[in-house]
Structure formats: structure tokens, C-alpha cells
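Visitor: I have a structure here, written as C-alpha cells, and I will follow up with some questions on it.
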Amino acid sequence: MTTPRCELCNTHQLSTDAEQAMRACQVCADRIGLIPMPPSRRPRAPCDRCNKSSFIRVIPREHSTTRVGDGNAQVSAPMYVTHMPDTYRGFFSSEVKPVAVEESGIGLLEVYVCRGCGATEWYCVDVEKIPIDPHLMTELIEYGDGDGPYR
Ligand SMILES: [Zn+2]
Ligand SMILES: [Zn+2]
């Protein structure tokens, strides 16, 4: 039995479980922001708007570009609600590092697009892992279960 090859570059073999799930090698995956699909969070319920039960599930990516002189590098990475700041530790002071989305992203997003009406619902795959911290621009809001805004 032969190891399958990457369907994008047709060069590298797919040796890890993650590569086989993506049907792409890690080199290609890093270039276009692919990650293996995590388990779904959405309840098994029909669309709130049109009541159909057929959806496209997508891990959305952020798309951007960096221009350096004449060079134009497209940037693509999975979308997270926030990321953990990382710093270089100096002897007397520290400096915050540029964002490395896939290493420091927290709160991976998934969207369900209804095939009946196109309405789109967002879910967070790992909501349990999101810290509450002003450096992450996160805030805990709890309305309670009563009718009023506060318990
Ligand atoms: Zn490849
Ligand atoms: Zn719908």
C-alpha cells in the first residue's frame, strides 16, 4: 500500500493523521491556512429562518495581504475570536511579538451556512478555552436565567 500524496502540490506524502484529514501536506496547509476540521459544536437543529436541514459547515479564514516593496504576500489563516499575546523577555523589559495566528489563536470559529436560505450561524469550537483578560479583549457577561437583566 502506498502513502497518498498531497493533492495540492502532488509532491509530498501525507504521513500524519492531520495531513490525511486535510488531504494536503503541512507545507501546503501552512501556506493557505488549512487545519483539520475539528468536531462540530452546532446542535442538530433545522435552520431558524427557513426550517431546512441542509448546511455547509465551514471553518472560516481571515484573508489579508502584506506588501513589502513590490512583493505582495497573501495571508490566510483560520479565524479565532482572540489570541494570546506573546512577548520577547529582555533583561530589563519585554517586547510584544507580532501575532502568529495559528499558534496563539484561541476560540476557533466555525460557521454553518443554510443551503435553503443562506443564513449563516457562527459557533466557537473551543469556547471553554477562552480566558477573560483585557489583553485578549475578552469580557464575561452573565445575564442569569431570570427575566431581568440581573439576578
Ligand atoms: Zn503539498
Ligand atoms: Zn435557512
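Residues in the C-alpha cells are named by chain (A, B, ... in the order shown) and by number from 1 within that chain; ligands are numbered from 1 in the order shown.
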Please find the residues contacting ligand 1 at a distance of at most 10 Å between atoms, with only C-alpha atoms and all ligand atoms counted, and report them as a PDB file with C-alpha atoms, in the first residue's frame.
Guide:
```
ATOM      1  CA  ARG A   5       0.384  12.278  -1.959  1.00  0.00           C
ATOM      2  CA  CYS A   6      -0.706  15.866  -1.322  1.00  0.00           C
ATOM      3  CA  GLU A   7      -3.468  16.800  -3.776  1.00  0.00           C
ATOM      4  CA  LEU A   8      -2.265  20.405  -3.919  1.00  0.00           C
ATOM      5  CA  CYS A   9       1.476  20.108  -4.628  1.00  0.00           C
ATOM      6  CA  ASN A  10       1.436  16.475  -5.822  1.00  0.00           C
ATOM      7  CA  THR A  11       4.889  16.164  -4.238  1.00  0.00           C
ATOM      8  CA  HIS A  12       4.830  15.497  -0.511  1.00  0.00           C
ATOM      9  CA  GLN A  13       3.417  12.345   1.010  1.00  0.00           C
ATOM     10  CA  LEU A  14       0.612  12.585   3.554  1.00  0.00           C
ATOM     11  CA  GLU A  19      -2.303  15.687   6.682  1.00  0.00           C
ATOM     12  CA  ARG A  23      -5.736  15.752   2.015  1.00  0.00           C
ATOM     13  CA  ALA A  24      -2.831  18.219   1.901  1.00  0.00           C
ATOM     14  CA  CYS A  25       0.715  18.237   3.215  1.00  0.00           C
ATOM     15  CA  GLN A  26       1.690  20.518   6.124  1.00  0.00           C
ATOM     16  CA  VAL A  27       3.745  22.785   3.824  1.00  0.00           C
ATOM     17  CA  CYS A  28       0.726  23.492   1.594  1.00  0.00           C
ATOM     18  CA  ALA A  29      -1.604  23.685   4.625  1.00  0.00           C
ATOM     19  CA  ASP A  30       0.534  26.363   6.310  1.00  0.00           C
ATOM     20  CA  ARG A  31       0.644  28.358   3.081  1.00  0.00           C
TER      21      ARG A  31
END
```
Visitor: List as a list in words the protein and nucleic acid residues lying within 12 Å of ligand 2, with only C-alpha atoms and all ligand atoms counted.
Guide: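 I would give the residues around ligand 2 as Ala45, Pro46, Cys47, Asp48, Arg49, Cys50, Asn51, Lys52, Ser53, Ser54, Phe55, Ile56, Tyr112, Val113, Cys114, Arg115, Gly116, Cys117, Gly118, Ala119, Thr120 and Glu121 of chain A.
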Visitor: Okay, now the selection with N, CA and C atoms, as a compact mmCIF listing (two decimals), in the first residue's frame?
Guide:
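Dumped to out-v5.txt:
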```
# COMPACT_ATOMS: atom_id res chain seq x y z
N ALA A 45 -30.19 20.88 14.67
CA ALA A 45 -31.49 21.54 14.58
C ALA A 45 -31.61 22.16 13.20
N PRO A 46 -32.85 22.26 12.70
CA PRO A 46 -33.01 22.90 11.39
C PRO A 46 -32.73 24.40 11.45
N CYS A 47 -32.66 25.03 10.28
CA CYS A 47 -32.40 26.47 10.20
C CYS A 47 -33.53 27.24 10.89
N ASP A 48 -33.16 28.22 11.73
CA ASP A 48 -34.14 29.07 12.43
C ASP A 48 -35.00 29.89 11.47
N ARG A 49 -34.45 30.21 10.31
CA ARG A 49 -35.16 31.12 9.40
C ARG A 49 -36.10 30.39 8.45
N CYS A 50 -35.60 29.28 7.84
CA CYS A 50 -36.40 28.65 6.77
C CYS A 50 -36.75 27.19 7.09
N ASN A 51 -36.24 26.68 8.21
CA ASN A 51 -36.57 25.33 8.67
C ASN A 51 -35.99 24.19 7.83
N LYS A 52 -35.10 24.49 6.90
CA LYS A 52 -34.43 23.42 6.15
C LYS A 52 -33.30 22.84 7.01
N SER A 53 -32.87 21.63 6.66
CA SER A 53 -31.87 20.94 7.48
C SER A 53 -30.61 20.60 6.71
N SER A 54 -30.25 21.39 5.74
CA SER A 54 -29.06 21.13 4.95
C SER A 54 -28.16 22.37 5.03
N PHE A 55 -26.90 22.13 5.45
CA PHE A 55 -25.97 23.24 5.72
C PHE A 55 -24.62 22.96 5.07
N ILE A 56 -23.88 24.01 4.80
CA ILE A 56 -22.45 23.89 4.52
C ILE A 56 -21.73 24.31 5.79
N TYR A 112 -22.04 27.78 9.97
CA TYR A 112 -22.99 26.93 9.26
C TYR A 112 -23.77 27.83 8.32
N VAL A 113 -23.68 27.54 7.03
CA VAL A 113 -24.42 28.31 6.05
C VAL A 113 -25.59 27.45 5.59
N CYS A 114 -26.82 27.94 5.81
CA CYS A 114 -28.02 27.18 5.44
C CYS A 114 -28.11 27.10 3.93
N ARG A 115 -28.29 25.87 3.40
CA ARG A 115 -28.39 25.71 1.95
C ARG A 115 -29.76 26.10 1.43
N GLY A 116 -30.73 26.31 2.36
CA GLY A 116 -32.05 26.75 1.92
C GLY A 116 -32.10 28.25 1.69
N CYS A 117 -31.59 29.02 2.66
CA CYS A 117 -31.76 30.48 2.59
C CYS A 117 -30.45 31.25 2.70
N GLY A 118 -29.33 30.58 2.96
CA GLY A 118 -28.05 31.28 3.03
C GLY A 118 -27.76 31.91 4.38
N ALA A 119 -28.71 31.86 5.33
CA ALA A 119 -28.45 32.42 6.66
C ALA A 119 -27.23 31.72 7.25
N THR A 120 -26.41 32.47 7.97
CA THR A 120 -25.15 31.96 8.49
C THR A 120 -25.10 32.05 10.00
N GLU A 121 -24.81 30.93 10.64
CA GLU A 121 -24.67 30.90 12.10
C GLU A 121 -23.22 30.66 12.46
```
Visitor: Would you pick out the contacts of Val96 in chain A at 9 Å or less, using only C-alpha atoms, so that residues sharing its chain but fewer than 6 positions from it are not included, and give the list as an NGL selection string?
Guide: :A and (85-89)
Visitor: Would you save the residues of that selection, restricted to C-alpha atoms, as a compact mmCIF listing (two decimals), in the first residue's frame?
Guide:
```txt
# COMPACT_ATOMS: atom_id res chain seq x y z
CA PRO A 85 -0.19 37.86 23.41
CA ASP A 86 3.40 36.62 23.37
CA THR A 87 6.48 38.63 24.34
CA TYR A 88 10.25 38.55 23.96
CA ARG A 89 11.62 38.63 27.50
```
Visitor: Please provide the set of residues having any atom within 12 Å of Val81 in chain A, restricted to only C-alpha atoms, with same-chain residues fewer than 3 positions apart removed, written as number ranges by chain.
Guide: A: 60-62, 78, 84, 101-102, 104-110, 122-127, 129-131, 136-138
Visitor: Need the shell around Ser64 in chain A: protein/DNA/RNA residues with any atom at most 12 Å away, counting only C-alpha atoms. Skip same-chain ones fewer than 5 positions apart. Format as JSON, numbers by chain?
Guide: {"A": [32, 33, 72, 73, 74, 75, 76, 77, 78, 79]}
Visitor: What would the file look like if the residues just selected were written as a JSON list (two decimals), in the first residue's frame with N, CA and C atoms?
Guide:
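Wrote it out as result.json, contents follow:
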```
[["chain", "number", "residue", "atom", "x", "y", "z"],
["A", 32, "ILE", "N", -1.79, 28.10, 2.97],
["A", 32, "ILE", "CA", -3.14, 28.61, 2.70],
["A", 32, "ILE", "C", -4.03, 28.58, 3.94],
["A", 33, "GLY", "N", -3.46, 28.26, 5.11],
["A", 33, "GLY", "CA", -4.24, 28.34, 6.35],
["A", 33, "GLY", "C", -5.20, 27.18, 6.56],
["A", 72, "ASN", "N", 3.86, 41.10, -2.83],
["A", 72, "ASN", "CA", 2.51, 41.09, -2.30],
["A", 72, "ASN", "C", 2.22, 39.68, -1.83],
["A", 73, "ALA", "N", 2.30, 39.47, -0.52],
["A", 73, "ALA", "CA", 2.07, 38.13, 0.03],
["A", 73, "ALA", "C", 0.66, 38.06, 0.60],
["A", 74, "GLN", "N", -0.16, 37.19, 0.05],
["A", 74, "GLN", "CA", -1.49, 36.98, 0.59],
["A", 74, "GLN", "C", -1.35, 36.21, 1.90],
["A", 75, "VAL", "N", -2.23, 36.53, 2.84],
["A", 75, "VAL", "CA", -2.20, 35.87, 4.14],
["A", 75, "VAL", "C", -3.55, 35.21, 4.36],
["A", 76, "SER", "N", -3.52, 33.97, 4.80],
["A", 76, "SER", "CA", -4.75, 33.25, 5.05],
["A", 76, "SER", "C", -4.57, 32.40, 6.29],
["A", 77, "ALA", "N", -5.48, 32.52, 7.24],
["A", 77, "ALA", "CA", -5.38, 31.76, 8.48],
["A", 77, "ALA", "C", -6.79, 31.50, 9.01],
["A", 78, "PRO", "N", -6.98, 30.39, 9.76],
["A", 78, "PRO", "CA", -8.30, 30.15, 10.35],
["A", 78, "PRO", "C", -8.69, 31.31, 11.27],
["A", 79, "MET", "N", -9.99, 31.55, 11.42],
["A", 79, "MET", "CA", -10.45, 32.67, 12.25],
["A", 79, "MET", "C", -10.65, 32.23, 13.69]]
```
Visitor: Out of range 64-101 of chain A, which residues get strand (DSSP E or B) from DSSP, as a list of chain:residue names?
Guide: A:Ser64, A:Thr65, A:Thr66, A:Arg67, A:Val68, A:Gly71, A:Asn72, A:Ala73, A:Gln74, A:Val75, A:Ser76, A:Ala77, A:Pro78, A:Tyr80, A:Val81, A:Thr82, A:His83, A:Thr87, A:Tyr88, A:Arg89, A:Ser94, A:Glu95, A:Val96
Visitor: Go ahead and save the picked residues with N, CA and C atoms, as a CSV table (one decimal), in the first residue's frame.
Guide:
```
chain,number,residue,atom,x,y,z
A,64,SER,N,-6.0,38.4,4.1
A,64,SER,CA,-5.3,39.7,4.2
A,64,SER,C,-4.1,39.7,3.3
A,65,THR,N,-3.4,40.7,3.3
A,65,THR,CA,-2.2,40.8,2.4
A,65,THR,C,-1.2,41.7,3.1
A,66,THR,N,0.1,41.4,2.8
A,66,THR,CA,1.2,42.2,3.3
A,66,THR,C,2.0,42.6,2.1
A,67,ARG,N,2.3,43.9,2.0
A,67,ARG,CA,3.0,44.4,0.9
A,67,ARG,C,4.4,44.9,1.4
A,68,VAL,N,5.4,44.3,0.8
A,68,VAL,CA,6.8,44.8,1.1
A,68,VAL,C,7.4,45.2,-0.2
A,71,GLY,N,6.6,43.3,-3.6
A,71,GLY,CA,6.1,42.0,-3.2
A,71,GLY,C,4.7,42.1,-2.6
A,72,ASN,N,3.9,41.1,-2.8
A,72,ASN,CA,2.5,41.1,-2.3
A,72,ASN,C,2.2,39.7,-1.8
A,73,ALA,N,2.3,39.5,-0.5
A,73,ALA,CA,2.1,38.1,0.0
A,73,ALA,C,0.7,38.1,0.6
A,74,GLN,N,-0.2,37.2,0.0
A,74,GLN,CA,-1.5,37.0,0.6
A,74,GLN,C,-1.4,36.2,1.9
A,75,VAL,N,-2.2,36.5,2.8
A,75,VAL,CA,-2.2,35.9,4.1
A,75,VAL,C,-3.5,35.2,4.4
A,76,SER,N,-3.5,34.0,4.8
A,76,SER,CA,-4.8,33.2,5.1
A,76,SER,C,-4.6,32.4,6.3
A,77,ALA,N,-5.5,32.5,7.2
A,77,ALA,CA,-5.4,31.8,8.5
A,77,ALA,C,-6.8,31.5,9.0
A,78,PRO,N,-7.0,30.4,9.8
A,78,PRO,CA,-8.3,30.1,10.4
A,78,PRO,C,-8.7,31.3,11.3
A,80,TYR,N,-10.1,33.0,14.6
A,80,TYR,CA,-10.2,32.8,16.0
A,80,TYR,C,-10.8,34.1,16.6
A,81,VAL,N,-11.5,34.0,17.7
A,81,VAL,CA,-12.1,35.2,18.3
A,81,VAL,C,-11.1,36.1,19.0
A,82,THR,N,-9.9,35.5,19.4
A,82,THR,CA,-8.9,36.3,20.0
A,82,THR,C,-7.6,35.5,20.0
A,83,HIS,N,-6.5,36.1,20.5
A,83,HIS,CA,-5.2,35.4,20.6
A,83,HIS,C,-4.5,35.8,21.8
A,87,THR,N,5.5,37.6,24.2
A,87,THR,CA,6.5,38.6,24.3
A,87,THR,C,7.9,38.0,24.3
A,88,TYR,N,8.8,38.8,23.8
A,88,TYR,CA,10.2,38.5,24.0
A,88,TYR,C,10.6,39.0,25.3
A,89,ARG,N,11.2,38.2,26.2
A,89,ARG,CA,11.6,38.6,27.5
A,89,ARG,C,13.1,39.2,27.5
A,94,SER,N,10.3,43.8,28.3
A,94,SER,CA,9.9,42.8,27.3
A,94,SER,C,9.3,43.6,26.1
A,95,GLU,N,9.1,42.8,25.0
A,95,GLU,CA,8.6,43.4,23.8
A,95,GLU,C,7.5,42.5,23.3
A,96,VAL,N,6.4,43.0,22.9
A,96,VAL,CA,5.3,42.1,22.4
A,96,VAL,C,5.7,41.7,21.0
```
